[in-house]
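Below is the file query_36.txt, which contains compact mmCIF, C-alpha atoms and all ligand atoms.
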```txt
# COMPACT_ATOMS: atom_id res chain seq x y z
CA MET A 6 -21.39 -13.18 5.16
CA SER A 7 -18.11 -14.23 6.70
CA ILE A 8 -14.99 -15.24 4.83
CA SER A 9 -12.41 -17.64 6.14
CA TYR A 10 -8.72 -17.30 5.38
CA ARG A 11 -5.99 -19.76 4.57
CA SER A 12 -2.23 -19.42 4.59
CA THR A 13 -0.38 -19.31 1.28
CA ARG A 14 1.65 -22.18 2.77
CA GLY A 15 -1.28 -24.43 3.60
CA GLU A 16 -2.93 -23.83 6.99
CA LYS A 17 -6.67 -23.32 6.75
CA GLY A 18 -9.58 -22.02 8.73
CA ALA A 19 -8.48 -18.61 10.10
CA SER A 20 -11.12 -15.96 10.77
CA PHE A 21 -10.68 -12.36 9.61
CA GLU A 22 -10.00 -11.44 13.24
CA ASP A 23 -7.17 -14.02 13.47
CA ALA A 24 -5.69 -12.96 10.16
CA LEU A 25 -5.88 -9.27 11.11
CA LEU A 26 -4.40 -9.66 14.58
CA HIS A 27 -1.64 -12.12 13.62
CA GLY A 28 -0.56 -10.59 10.31
CA LEU A 29 1.59 -13.56 9.36
CA ALA A 30 0.15 -17.09 9.50
CA PRO A 31 1.75 -19.48 12.04
CA ASP A 32 3.36 -21.47 9.20
CA GLY A 33 5.08 -18.29 7.95
CA GLY A 34 2.73 -17.79 5.00
CA LEU A 35 0.44 -14.88 4.18
CA TYR A 36 -3.32 -14.99 4.62
CA VAL A 37 -5.51 -15.11 1.53
CA PRO A 38 -9.28 -15.62 1.41
CA ALA A 39 -10.11 -19.34 1.38
CA GLU A 40 -13.18 -18.55 -0.68
CA LEU A 41 -14.06 -15.28 -2.38
CA PRO A 42 -17.13 -13.30 -1.36
CA ASP A 43 -19.50 -11.90 -3.93
CA PRO A 44 -20.14 -8.24 -3.11
CA ASP A 45 -22.81 -6.48 -5.14
CA PHE A 46 -20.54 -3.99 -6.92
CA ARG A 47 -23.40 -2.54 -8.95
CA ALA A 48 -25.33 -1.61 -5.82
CA ALA A 49 -22.19 -0.41 -4.05
CA MET A 50 -21.41 2.00 -6.86
CA GLU A 51 -24.75 3.71 -6.45
CA ALA A 52 -23.54 5.00 -3.10
CA SER A 53 -23.05 8.75 -3.02
CA SER A 54 -19.87 8.75 -0.92
CA PHE A 55 -16.61 6.83 -0.93
CA HIS A 56 -17.06 5.51 2.59
CA GLU A 57 -20.61 4.37 1.92
CA MET A 58 -19.50 2.54 -1.23
CA GLY A 59 -16.69 1.07 0.88
CA ARG A 60 -19.08 -0.10 3.57
CA ARG A 61 -21.25 -1.87 1.01
CA ILE A 62 -18.31 -3.70 -0.56
CA LEU A 63 -16.59 -4.57 2.71
CA SER A 64 -19.80 -5.85 4.27
CA ALA A 65 -19.49 -8.95 2.08
CA TRP A 66 -16.00 -9.51 3.48
CA VAL A 67 -16.11 -8.64 7.16
CA GLU A 68 -19.56 -7.58 8.35
CA GLU A 69 -20.43 -10.77 10.15
CA GLU A 70 -17.30 -10.54 12.27
CA VAL A 71 -16.96 -6.78 12.69
CA GLY A 72 -20.68 -6.06 13.03
CA ALA A 73 -22.76 -3.80 10.78
CA GLU A 74 -22.72 -0.82 13.08
CA ALA A 75 -18.98 -0.93 13.78
CA LEU A 76 -18.22 -1.41 10.09
CA ALA A 77 -20.26 1.68 9.16
CA ARG A 78 -18.63 3.75 11.90
CA ILE A 79 -15.12 2.60 11.00
CA THR A 80 -15.37 3.17 7.24
CA GLU A 81 -16.89 6.59 7.75
CA ASP A 82 -14.22 7.62 10.24
CA ALA A 83 -11.24 6.12 8.37
CA LEU A 84 -12.10 6.94 4.76
CA ASN A 85 -12.87 10.60 5.22
CA PHE A 86 -10.83 12.26 2.48
CA PRO A 87 -11.43 12.84 -1.26
CA VAL A 88 -10.33 10.40 -4.01
CA PRO A 89 -10.31 12.43 -7.26
CA LEU A 90 -10.12 10.80 -10.69
CA ILE A 91 -8.33 13.26 -12.99
CA SER A 92 -8.37 13.00 -16.76
CA LEU A 93 -4.98 13.69 -18.40
CA ASP A 94 -5.63 15.73 -21.50
CA GLY A 95 -3.26 16.53 -24.33
CA GLY A 96 -0.10 15.10 -25.83
CA GLY A 97 -1.46 11.69 -26.69
CA TRP A 98 -2.78 10.99 -23.19
CA SER A 99 -6.46 10.87 -24.11
CA GLY A 100 -8.25 8.07 -22.30
CA VAL A 101 -5.65 8.07 -19.51
CA HIS A 102 -6.79 9.02 -16.02
CA VAL A 103 -4.95 9.51 -12.76
CA LEU A 104 -6.61 8.29 -9.58
CA GLU A 105 -5.18 10.48 -6.81
CA LEU A 106 -4.76 8.40 -3.68
CA PHE A 107 -2.75 10.96 -1.73
CA HIS A 108 -5.37 13.14 -0.07
CA GLY A 109 -5.16 11.42 3.31
CA PRO A 110 -3.21 12.74 6.32
CA THR A 111 0.23 11.41 5.29
CA LEU A 112 -0.20 12.02 1.54
CA SER A 113 0.19 8.48 0.22
CA PHE A 114 -2.24 5.69 -0.67
CA LYS A 115 -1.14 3.84 2.44
CA ASP A 116 -3.52 5.97 4.53
CA PHE A 117 -6.48 3.93 3.22
CA GLY A 118 -5.22 0.63 4.55
CA ALA A 119 -3.56 1.91 7.70
CA ARG A 120 -6.46 4.01 8.94
CA THR A 121 -9.06 1.32 8.38
CA MET A 122 -6.92 -1.49 9.74
CA ALA A 123 -6.08 0.49 12.92
CA ARG A 124 -9.77 0.89 13.68
CA TRP A 125 -10.60 -2.75 12.92
CA MET A 126 -7.82 -3.87 15.24
CA GLY A 127 -8.88 -1.44 17.95
CA HIS A 128 -12.41 -2.82 17.67
CA PHE A 129 -11.40 -6.48 18.09
CA LEU A 130 -8.94 -5.66 20.89
CA ASP A 131 -11.66 -3.82 22.78
CA VAL A 132 -13.89 -6.88 22.54
CA ARG A 133 -11.03 -9.16 23.66
CA ASP A 134 -9.69 -6.73 26.24
CA GLU A 135 -6.14 -7.20 24.89
CA LYS A 136 -3.21 -5.07 23.75
CA VAL A 137 -0.74 -5.46 20.89
CA THR A 138 2.52 -3.98 19.64
CA ILE A 139 2.66 -3.41 15.92
CA LEU A 140 6.04 -3.85 14.24
CA VAL A 141 6.42 -2.07 10.91
CA ALA A 142 9.31 -2.15 8.49
CA THR A 143 8.99 0.80 6.17
CA SER A 144 10.78 2.05 3.09
CA GLY A 145 9.08 5.38 3.47
CA ASP A 146 5.35 5.79 3.32
CA THR A 147 4.06 2.75 5.21
CA GLY A 148 5.58 3.87 8.48
CA SER A 149 4.08 7.34 8.50
CA ALA A 150 0.66 6.07 7.40
CA VAL A 151 0.70 3.37 10.07
CA ALA A 152 2.05 5.70 12.75
CA ASP A 153 -0.58 8.27 11.93
CA GLY A 154 -3.39 5.74 11.54
CA PHE A 155 -2.65 3.92 14.80
CA ALA A 156 -1.49 6.82 17.01
CA GLY A 157 -3.70 7.32 20.01
CA GLN A 158 -5.39 3.88 19.79
CA ASP A 159 -5.28 2.93 23.48
CA ARG A 160 -4.67 -0.78 22.98
CA ILE A 161 -1.99 -0.51 20.32
CA ASP A 162 1.70 0.48 20.49
CA VAL A 163 3.67 0.93 17.28
CA VAL A 164 7.40 0.34 16.64
CA LEU A 165 8.62 1.63 13.27
CA LEU A 166 11.83 0.46 11.59
CA TYR A 167 13.15 2.41 8.63
CA PRO A 168 16.49 2.31 6.79
CA LYS A 169 18.53 5.22 8.10
CA GLY A 170 19.46 7.74 5.42
CA LYS A 171 17.50 5.91 2.73
CA VAL A 172 14.22 7.77 2.92
CA SER A 173 13.66 11.34 1.75
CA PRO A 174 13.87 14.18 4.30
CA VAL A 175 10.13 14.75 4.09
CA GLN A 176 9.41 11.04 4.52
CA GLU A 177 11.76 10.88 7.51
CA ARG A 178 10.13 13.87 9.12
CA GLN A 179 6.74 12.19 8.80
CA LEU A 180 8.16 9.08 10.48
CA ILE A 181 9.85 10.65 13.47
CA VAL A 182 7.38 13.28 14.68
CA GLU A 183 6.29 12.41 18.20
CA ARG A 184 3.04 10.51 18.38
CA PRO A 185 1.31 8.88 21.34
CA GLY A 186 2.16 5.16 21.50
CA VAL A 187 4.63 5.26 18.58
CA ARG A 188 8.44 4.64 18.65
CA ALA A 189 10.64 5.25 15.57
CA LEU A 190 13.90 3.28 15.02
CA ALA A 191 16.44 4.30 12.36
CA VAL A 192 18.08 1.01 11.29
CA GLU A 193 21.66 1.06 10.00
CA GLY A 194 20.85 -1.02 6.92
CA HIS A 195 18.45 -1.45 4.00
CA PHE A 196 14.70 -1.87 3.86
CA ASP A 197 15.21 -5.62 3.44
CA ASP A 198 17.13 -5.64 6.77
CA CYS A 199 14.16 -3.93 8.43
CA GLN A 200 11.79 -6.47 6.93
CA ARG A 201 14.02 -9.36 7.99
CA MET A 202 14.26 -8.04 11.58
CA VAL A 203 10.48 -7.87 11.80
CA LYS A 204 10.09 -11.40 10.44
CA GLU A 205 12.73 -12.70 12.88
CA ALA A 206 11.02 -10.99 15.79
CA PHE A 207 7.78 -12.80 14.91
CA MET A 208 9.59 -16.13 14.87
CA ASP A 209 11.57 -15.45 18.07
CA PRO A 210 10.38 -17.68 20.93
CA SER A 211 11.59 -15.18 23.54
CA LEU A 212 9.19 -12.59 22.13
CA ALA A 213 6.21 -14.93 21.91
CA GLY A 214 3.46 -13.76 24.21
CA ARG A 215 4.32 -10.10 23.74
CA GLY A 216 1.36 -9.58 21.41
CA LEU A 217 3.43 -8.68 18.37
CA SER A 218 1.57 -7.96 15.19
CA SER A 219 2.28 -6.42 11.81
CA ALA A 220 0.84 -3.65 9.72
CA ASN A 221 2.89 -4.14 6.58
CA SER A 222 1.05 -5.08 3.43
CA ILE A 223 1.55 -8.66 4.60
CA ASN A 224 -1.53 -7.91 6.72
CA ILE A 225 -4.78 -8.71 4.93
CA GLY A 226 -6.42 -5.90 6.91
CA ARG A 227 -4.45 -3.38 4.86
CA LEU A 228 -5.34 -4.93 1.54
CA LEU A 229 -9.12 -5.08 1.87
CA PRO A 230 -9.63 -1.28 2.14
CA GLN A 231 -7.28 -0.83 -0.81
CA MET A 232 -9.77 -2.64 -3.03
CA LEU A 233 -12.16 0.25 -2.63
CA TYR A 234 -10.46 2.91 -4.68
CA TYR A 235 -10.31 0.59 -7.68
CA ALA A 236 -14.10 0.32 -7.45
CA TRP A 237 -14.31 4.11 -7.05
CA ALA A 238 -12.49 4.53 -10.38
CA VAL A 239 -14.86 2.07 -12.05
CA ARG A 240 -17.76 4.07 -10.64
CA GLY A 241 -16.25 7.34 -11.91
CA LEU A 242 -15.91 5.97 -15.45
CA LYS A 243 -19.61 5.17 -15.64
CA GLY A 244 -19.65 1.81 -17.31
CA ASN A 245 -16.34 1.96 -19.22
CA VAL A 246 -14.31 -0.89 -17.78
CA PRO A 247 -10.83 0.43 -16.96
CA PHE A 248 -7.39 -1.04 -17.32
CA PHE A 249 -5.35 -0.27 -14.19
CA CYS A 250 -1.70 0.72 -14.06
CA VAL A 251 -0.23 0.29 -10.58
CA PRO A 252 3.18 1.71 -9.56
CA SER A 253 4.40 -1.26 -7.52
CA GLY A 254 7.01 -2.38 -5.01
CA ASN A 255 5.90 -4.92 -2.43
CA LEU A 256 2.85 -5.67 -4.63
CA GLY A 257 0.25 -4.99 -1.91
CA ASN A 258 -1.57 -2.38 -3.95
CA LEU A 259 -1.74 -4.60 -7.01
CA THR A 260 -2.85 -7.59 -4.95
CA ALA A 261 -5.74 -5.51 -3.58
CA GLY A 262 -6.85 -4.69 -7.12
CA VAL A 263 -6.62 -8.34 -8.10
CA LEU A 264 -8.69 -9.35 -5.05
CA ALA A 265 -11.36 -6.81 -6.00
CA HIS A 266 -11.40 -8.15 -9.55
CA LEU A 267 -11.51 -11.80 -8.49
CA SER A 268 -14.49 -11.01 -6.28
CA GLY A 269 -16.38 -9.51 -9.20
CA MET A 270 -15.20 -5.94 -9.83
CA PRO A 271 -14.92 -5.25 -13.56
CA ALA A 272 -11.36 -4.57 -14.77
CA ALA A 273 -9.80 -5.00 -18.21
CA GLY A 274 -6.46 -5.97 -16.69
CA PHE A 275 -3.50 -4.61 -14.74
CA LEU A 276 -0.09 -3.22 -15.57
CA ALA A 277 2.49 -3.56 -12.78
CA ALA A 278 4.83 -0.58 -13.18
CA HIS A 279 8.10 -1.18 -11.32
CA ASN A 280 11.33 0.76 -11.04
CA ALA A 281 14.71 -0.98 -11.49
CA ASN A 282 13.62 -3.63 -8.98
CA ASP A 283 12.29 -5.72 -11.80
CA PHE A 284 11.65 -9.25 -10.50
CA PHE A 285 7.92 -9.14 -11.22
CA PRO A 286 8.04 -7.62 -14.73
CA ARG A 287 10.65 -10.23 -15.68
CA LEU A 288 8.48 -13.02 -14.35
CA LEU A 289 5.43 -11.68 -16.19
CA GLY A 290 7.51 -11.41 -19.33
CA GLY A 291 7.96 -15.17 -19.28
CA GLU A 292 11.29 -15.46 -17.49
CA ASP A 293 11.86 -17.94 -14.73
CA ALA A 294 12.80 -14.95 -12.54
CA THR A 295 13.94 -15.10 -8.92
CA PHE A 296 13.98 -12.41 -6.23
CA GLY A 297 16.86 -9.97 -6.47
CA SER A 298 18.61 -7.79 -3.93
CA THR A 299 17.14 -4.34 -3.55
CA VAL A 300 18.31 -1.57 -5.88
CA ARG A 301 18.01 2.04 -4.70
CA THR A 302 16.02 4.33 -6.97
CA LEU A 303 14.25 7.70 -6.97
CA SER A 304 10.95 5.94 -6.25
CA ASN A 305 12.26 4.55 -2.97
CA ALA A 306 8.93 3.32 -1.59
CA MET A 307 9.02 0.85 -4.49
CA ASP A 308 12.57 -0.36 -3.79
CA VAL A 309 11.76 -3.97 -2.99
CA GLY A 310 13.88 -6.77 -4.42
CA ALA A 311 11.78 -9.53 -2.88
CA PRO A 312 8.13 -8.42 -2.92
CA SER A 313 6.23 -10.17 -0.10
CA ASN A 314 2.86 -10.08 -1.78
CA PHE A 315 4.08 -12.09 -4.74
CA GLU A 316 3.41 -15.11 -2.56
CA ARG A 317 -0.23 -14.05 -2.42
CA LEU A 318 -0.61 -13.46 -6.15
CA ASP A 319 1.04 -16.81 -6.74
CA ALA A 320 -1.46 -18.49 -4.40
CA LEU A 321 -4.48 -16.74 -5.93
CA LEU A 322 -3.69 -17.25 -9.62
CA GLU A 323 -2.17 -19.95 -11.80
CA ARG A 324 0.93 -18.72 -13.59
CA THR A 325 -0.87 -18.57 -16.96
CA GLN A 326 -3.81 -16.65 -15.43
CA LEU A 327 -1.37 -14.29 -13.75
CA ARG A 328 0.35 -13.56 -17.06
CA ARG A 329 -2.96 -13.09 -18.84
CA LEU A 330 -4.37 -10.66 -16.28
CA ILE A 331 -1.22 -8.68 -15.44
CA ARG A 332 1.50 -7.16 -17.59
CA GLY A 333 4.71 -5.67 -16.24
CA GLU A 334 7.17 -2.91 -17.05
CA SER A 335 10.39 -1.82 -15.39
CA VAL A 336 11.33 1.87 -15.62
CA THR A 337 14.79 3.32 -14.94
CA ASP A 338 15.36 6.47 -12.88
CA GLU A 339 16.31 8.34 -16.03
CA ASP A 340 13.05 7.37 -17.71
CA THR A 341 11.15 8.30 -14.54
CA ILE A 342 12.56 11.83 -14.67
CA THR A 343 11.80 12.05 -18.39
CA SER A 344 8.27 10.83 -17.67
CA MET A 345 7.70 13.50 -15.02
CA ARG A 346 8.93 16.17 -17.43
CA ARG A 347 6.92 14.83 -20.37
CA ILE A 348 3.63 14.66 -18.45
CA TYR A 349 4.16 18.15 -17.10
CA GLU A 350 4.98 19.61 -20.50
CA GLN A 351 2.17 17.83 -22.30
CA THR A 352 -0.62 18.10 -19.74
CA GLY A 353 0.48 20.43 -16.92
CA TYR A 354 0.16 17.56 -14.44
CA VAL A 355 2.83 17.27 -11.72
CA ALA A 356 3.48 13.62 -10.81
CA ASP A 357 5.65 12.36 -7.96
CA PRO A 358 8.51 9.97 -8.85
CA HIS A 359 6.47 6.88 -7.87
CA THR A 360 3.37 7.81 -9.81
CA ALA A 361 5.50 8.83 -12.83
CA VAL A 362 6.68 5.25 -13.30
CA GLY A 363 3.05 4.44 -14.19
CA PRO A 364 2.49 6.74 -17.19
CA GLU A 365 5.88 5.73 -18.60
CA ALA A 366 4.83 2.07 -18.46
CA VAL A 367 1.50 3.01 -20.09
CA ARG A 368 3.26 5.00 -22.81
CA ARG A 369 5.40 2.00 -23.76
CA ARG A 370 2.33 -0.24 -23.99
CA ARG A 371 0.01 2.38 -25.49
CA ASP A 372 -0.79 0.38 -28.62
CA GLU A 373 -1.94 -2.73 -26.81
CA LEU A 374 -3.78 -1.22 -23.82
CA PRO A 375 -7.56 -0.78 -23.89
CA GLU A 376 -9.08 2.55 -22.89
CA PRO A 377 -9.78 3.95 -20.43
CA THR A 378 -6.57 3.42 -18.50
CA VAL A 379 -6.37 4.48 -14.87
CA VAL A 380 -2.94 5.16 -13.36
CA LEU A 381 -2.93 4.96 -9.58
CA SER A 382 -1.17 8.01 -8.15
CA THR A 383 0.44 6.71 -5.00
CA ALA A 384 1.94 9.84 -3.40
CA HIS A 385 1.70 13.62 -3.44
CA PRO A 386 4.57 15.26 -5.40
CA ALA A 387 5.33 17.58 -2.48
CA LYS A 388 6.73 14.59 -0.57
CA PHE A 389 9.60 14.53 -3.09
CA PRO A 390 10.48 18.19 -3.76
CA GLU A 391 14.12 17.49 -4.78
CA THR A 392 13.18 15.03 -7.50
CA VAL A 393 10.27 17.09 -8.78
CA HIS A 394 12.56 20.12 -8.99
CA ARG A 395 15.13 18.11 -10.91
CA ALA A 396 12.50 16.98 -13.41
CA ILE A 397 10.44 20.10 -14.03
CA GLY A 398 12.46 22.97 -12.58
CA PHE A 399 10.34 23.92 -9.58
CA GLU A 400 9.15 22.46 -6.31
CA PRO A 401 5.48 21.62 -5.90
CA GLU A 402 3.60 23.56 -3.29
CA ALA A 403 3.28 21.63 -0.03
CA PRO A 404 -0.28 21.23 1.28
CA VAL A 405 -0.81 22.56 4.81
CA ARG A 406 -1.07 19.06 6.28
CA LEU A 407 2.46 18.32 5.05
CA ALA A 408 4.03 21.64 6.02
CA SER A 409 2.73 21.29 9.57
CA PHE A 410 4.98 18.26 10.23
CA TRP A 411 7.97 20.63 10.46
CA ASP A 412 6.46 22.42 13.46
CA ARG A 413 6.20 19.27 15.57
CA ASP A 414 8.64 17.63 18.06
CA VAL A 415 10.59 14.55 16.95
CA ALA A 416 11.78 11.33 18.67
CA VAL A 417 14.00 8.67 17.04
CA GLU A 418 16.72 6.15 18.02
CA THR A 419 19.41 4.63 15.78
CA VAL A 420 19.83 0.82 16.00
CA SER A 421 22.01 -1.81 14.30
CA PRO A 422 20.34 -4.17 11.78
CA THR A 423 20.04 -7.17 14.09
CA LEU A 424 17.31 -9.07 15.89
CA GLU A 425 19.19 -8.47 19.17
CA ALA A 426 18.90 -4.71 18.72
CA LEU A 427 15.18 -4.95 18.06
CA ARG A 428 14.64 -7.37 20.92
CA ALA A 429 16.33 -4.93 23.30
CA GLN A 430 13.83 -2.26 22.24
CA LEU A 431 10.86 -4.54 22.70
CA VAL A 432 11.62 -5.98 26.10
CA ARG A 433 12.69 -2.82 27.87
C1 LIG B 501 4.25 1.74 -0.86
C2 LIG B 501 4.29 2.60 -2.07
C3 LIG B 501 4.30 2.04 -3.35
C4 LIG B 501 4.35 0.57 -3.60
O1 LIG B 501 3.18 -0.08 -3.20
P1 LIG B 501 3.18 -1.67 -2.95
O2 LIG B 501 1.86 -1.96 -2.37
O3 LIG B 501 4.31 -1.94 -2.00
O4 LIG B 501 3.42 -2.30 -4.28
C5 LIG B 501 4.27 2.90 -4.43
N1 LIG B 501 4.28 4.24 -4.27
C6 LIG B 501 4.28 4.81 -3.05
C7 LIG B 501 4.31 6.28 -2.95
C8 LIG B 501 4.29 4.01 -1.92
O5 LIG B 501 4.30 4.58 -0.71
```
Show how you would write the structure in this file as structure tokens.
Amino acid sequence: MSISYRSTRGEKGASFEDALLHGLAPDGGLYVPAELPDPDFRAAMEASSFHEMGRRILSAWVEEEVGAEALARITEDALNFPVPLISLDGGGWSGVHVLELFHGPTLSFKDFGARTMARWMGHFLDVRDEKVTILVATSGDTGSAVADGFAGQDRIDVVLLYPKGKVSPVQERQLIVERPGVRALAVEGHFDDCQRMVKEAFMDPSLAGRGLSSANSINIGRLLPQMLYYAWAVRGLKGNVPFFCVPSGNLGNLTAGVLAHLSGMPAAGFLAAHNANDFFPRLLGGEDATFGSTVRTLSNAMDVGAPSNFERLDALLERTQLRRLIRGESVTDEDTITSMRRIYEQTGYVADPHTAVGPEAVRRRRDELPEPTVVLSTAHPAKFPETVHRAIGFEPEAPVRLASFWDRDVAVETVSPTLEALRAQLVR
């Protein structure tokens, strides 16, 4: 089976390979499937491993283009870490589960998409005998997942842009460790500046022909692998159809869940849990909301005033369908800290400040949400030791794969928040 893609702004007829390698459609829109495949979720869930389940689901999406053998090799190689579903017990949390998505090499859910996408791209570039440079704007976790996932792929260079001083020390360390084929740029501005610079570079005629591509969640290649852990949770709950709560920023994670559901995966609905960047919850609440400027919060990987993937959700669902399928909540920093403390005291579970936005949203909606509810845990708490300490009085223990980043060499350059500055880096 092979799925074709269309742009959210109109253009039709792109292959998966085109959509993956270009990231953004030529008309400036985002790629969405033109028609939805029909994977056999029931059969997929009988698989004994995550990667085998993933292969079965993704085969309906990409097998014809990627090839059966390459797809099997890539999913096995990329999705090689555990995905535990933990039941929160005690203190009124019965029926609430946490799906831990942070057991990959950079300790956030972004490893799923980045690792798989890197291998898909490497595969197509080998066939084409071409090279690309990936530009990534990151508010924290995307950059390290992409840098780690793509490092060492012969045909791919990576340039990372992150807002200087606006990511946590651990996040920064993960971004700037030296990696083959990866260059880190600390931008004197906000995440939105980084995102704008990347978009401008794509539109810049003088950079055309340089093989620029993206690995942000604007790339459909990141979203497809992110469908898989939703299915893994469904599998783990053995027939009880879950309601999903998704701590959200740029809305890539949520869009992946919606894509899985639209292509047949059972789900009772979704709750988009946002921090103070509340455009989407306001829209879902019935307001005629518009994008806002970005507000800084403790859950900085969710600090997105203008979520790119809204354009996808808007293209996939009518407004009434959107509001029926998805609810939204916005949680302040103060309530995030309280949430971390409450979960710890009531269940012993240590949540990071991104994940913690989820249970707080669930708590507020407890009366109306069906059980079971699955909260996606997007990062390991040890990535945010300062905030965890503030909430529960001690720092979480860092897993070895995190601690080892401090033993490595670093390389980073500071640049101003302009297209000129980025262009200078790309043409040298
Ligand atoms: C990226 C990220 C998010 C937000 O995910 P989106 O797909 O942008 O909505 C949430 N939590 C963590 C830890 C992240 O890294």
Write out as a ChimeraX atom specification each polymer residue whose atoms come within 10 Å of segment 199-201 of chain A, counting all atoms listed in the file; drop sequence neighbours fewer than 5 positions from it. /A:140-144,165-168,190-194,206-207,221,313,422-424,427
Taking all atoms listed in the file and a cut-off of 6 Å, can you tell me which residues surround ligand LIG 501 (chain B), written as number ranges by chain? A: 113, 146, 252-258, 306-307, 359, 383-384
Counting all atoms listed in the file, which residue out of A:Leu276, A:Leu407, A:Leu330, A:Leu288 sits closest to Pro364 of chain A?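 Looking at the shortest contact to Pro364 of chain A, the residue is A:Leu276.
Put simply, atom CA of Ile139 of chain A is 28.0 Å away from atom CA of Leu303 of chain A.
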Using all atoms listed in the file, find all polymer residues with an atom at most 12 Å away from the point (-9.0, 6.8, 19.6); report them as a ChimeraX atom specification. /A:79,82-83,120,123-128,131,153-161,185-186
I'd like to know which of A:Glu365, A:Asp372, A:Glu350, A:Asp357 is closest to Gly96 of chain A, using all atoms listed in the file.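 Of all the options, A:Glu350 lies closest to Gly96 of chain A.
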Per residue of segment 249-362 of chain A within 12 Å of segment 53-71 of chain A, what are the shortest atom pair and its distance in Å to one decimal, counting only C-alpha atoms, with rows by chain and residue number, as a Markdown table?
```
| residue | atom | partner | partner_atom | distance |
| --- | --- | --- | --- | --- |
| A:Leu264 | CA | A:Trp66 | CA | 11.2 |
| A:Ala265 | CA | A:Ile62 | CA | 9.4 |
| A:Ser268 | CA | A:Ala65 | CA | 10.0 |
| A:Gly269 | CA | A:Ile62 | CA | 10.6 |
| A:Met270 | CA | A:Ile62 | CA | 10.0 |
```
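Between atom CA of Pro174 of chain A and atom CA of Arg433 of chain A the interatomic distance comes to 29.1 Å.
Remark: for Thr360 of chain A, the closest of the candidate residues A:Leu321, A:Met232, A:Leu104, A:Ile91 is A:Leu104 (distances computed over all atoms listed in the file).
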Counting only C-alpha atoms, figure out which residue out of A:Val101, A:Pro404, A:Tyr10, A:Asp283 gets nearest to Arg368 of chain A. A:Val101
Looking at A:Thr260, A:Ser409, A:Thr352, A:Asn280, which one is nearest to Leu322 of chain A, with distances taken over all atoms listed in the file?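 Checking each candidate against Leu322 of chain A, we get A:Thr260 as the closest.
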With all atoms listed in the file as the atoms that count, which of A:Phe284, A:Tyr36, A:Trp237, A:Phe248 lies nearest to Glu373 of chain A? A:Phe248
Please compute the atom CA of Glu334 of chain A-atom CA of Gly363 of chain A distance, one decimal, in Å.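 For atom CA of Glu334 of chain A relative to atom CA of Gly363 of chain A, the distance reads 8.9 Å.
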What would segment 43-55 of chain A look like if you wrote it out as a short mmCIF file (atom, residue, chain, number, x, y, z; two decimals), in the first residue's frame, with N, CA and C atoms included, from the block I just posted?
```cif
data_model
loop_
_atom_site.label_atom_id
_atom_site.label_comp_id
_atom_site.auth_asym_id
_atom_site.auth_seq_id
_atom_site.Cartn_x
_atom_site.Cartn_y
_atom_site.Cartn_z
N ASP A 43 -5.38 1.88 6.02
CA ASP A 43 -6.25 1.11 6.90
C ASP A 43 -5.44 -0.02 7.52
N PRO A 44 -4.48 0.31 8.39
CA PRO A 44 -3.66 -0.76 8.96
C PRO A 44 -4.52 -1.70 9.81
N ASP A 45 -4.10 -2.95 9.87
CA ASP A 45 -4.83 -3.93 10.69
C ASP A 45 -4.30 -3.84 12.13
N PHE A 46 -4.92 -2.95 12.92
CA PHE A 46 -4.43 -2.72 14.28
C PHE A 46 -4.54 -3.98 15.13
N ARG A 47 -5.63 -4.74 14.92
CA ARG A 47 -5.81 -5.95 15.72
C ARG A 47 -4.62 -6.92 15.52
N ALA A 48 -4.26 -7.12 14.27
CA ALA A 48 -3.13 -8.02 13.99
C ALA A 48 -1.82 -7.42 14.50
N ALA A 49 -1.68 -6.11 14.34
CA ALA A 49 -0.43 -5.47 14.77
C ALA A 49 -0.23 -5.66 16.27
N MET A 50 -1.33 -5.59 17.02
CA MET A 50 -1.20 -5.66 18.47
C MET A 50 -0.91 -7.06 18.98
N GLU A 51 -0.96 -8.03 18.11
CA GLU A 51 -0.55 -9.37 18.53
C GLU A 51 0.96 -9.55 18.45
N ALA A 52 1.64 -8.54 17.93
CA ALA A 52 3.10 -8.62 17.87
C ALA A 52 3.67 -8.66 19.28
N SER A 53 4.82 -9.35 19.42
CA SER A 53 5.36 -9.48 20.77
C SER A 53 6.31 -8.35 21.13
N SER A 54 6.76 -7.56 20.15
CA SER A 54 7.67 -6.47 20.49
C SER A 54 7.13 -5.16 19.92
N PHE A 55 7.63 -4.06 20.48
CA PHE A 55 7.21 -2.74 20.01
C PHE A 55 7.57 -2.54 18.54
#
```
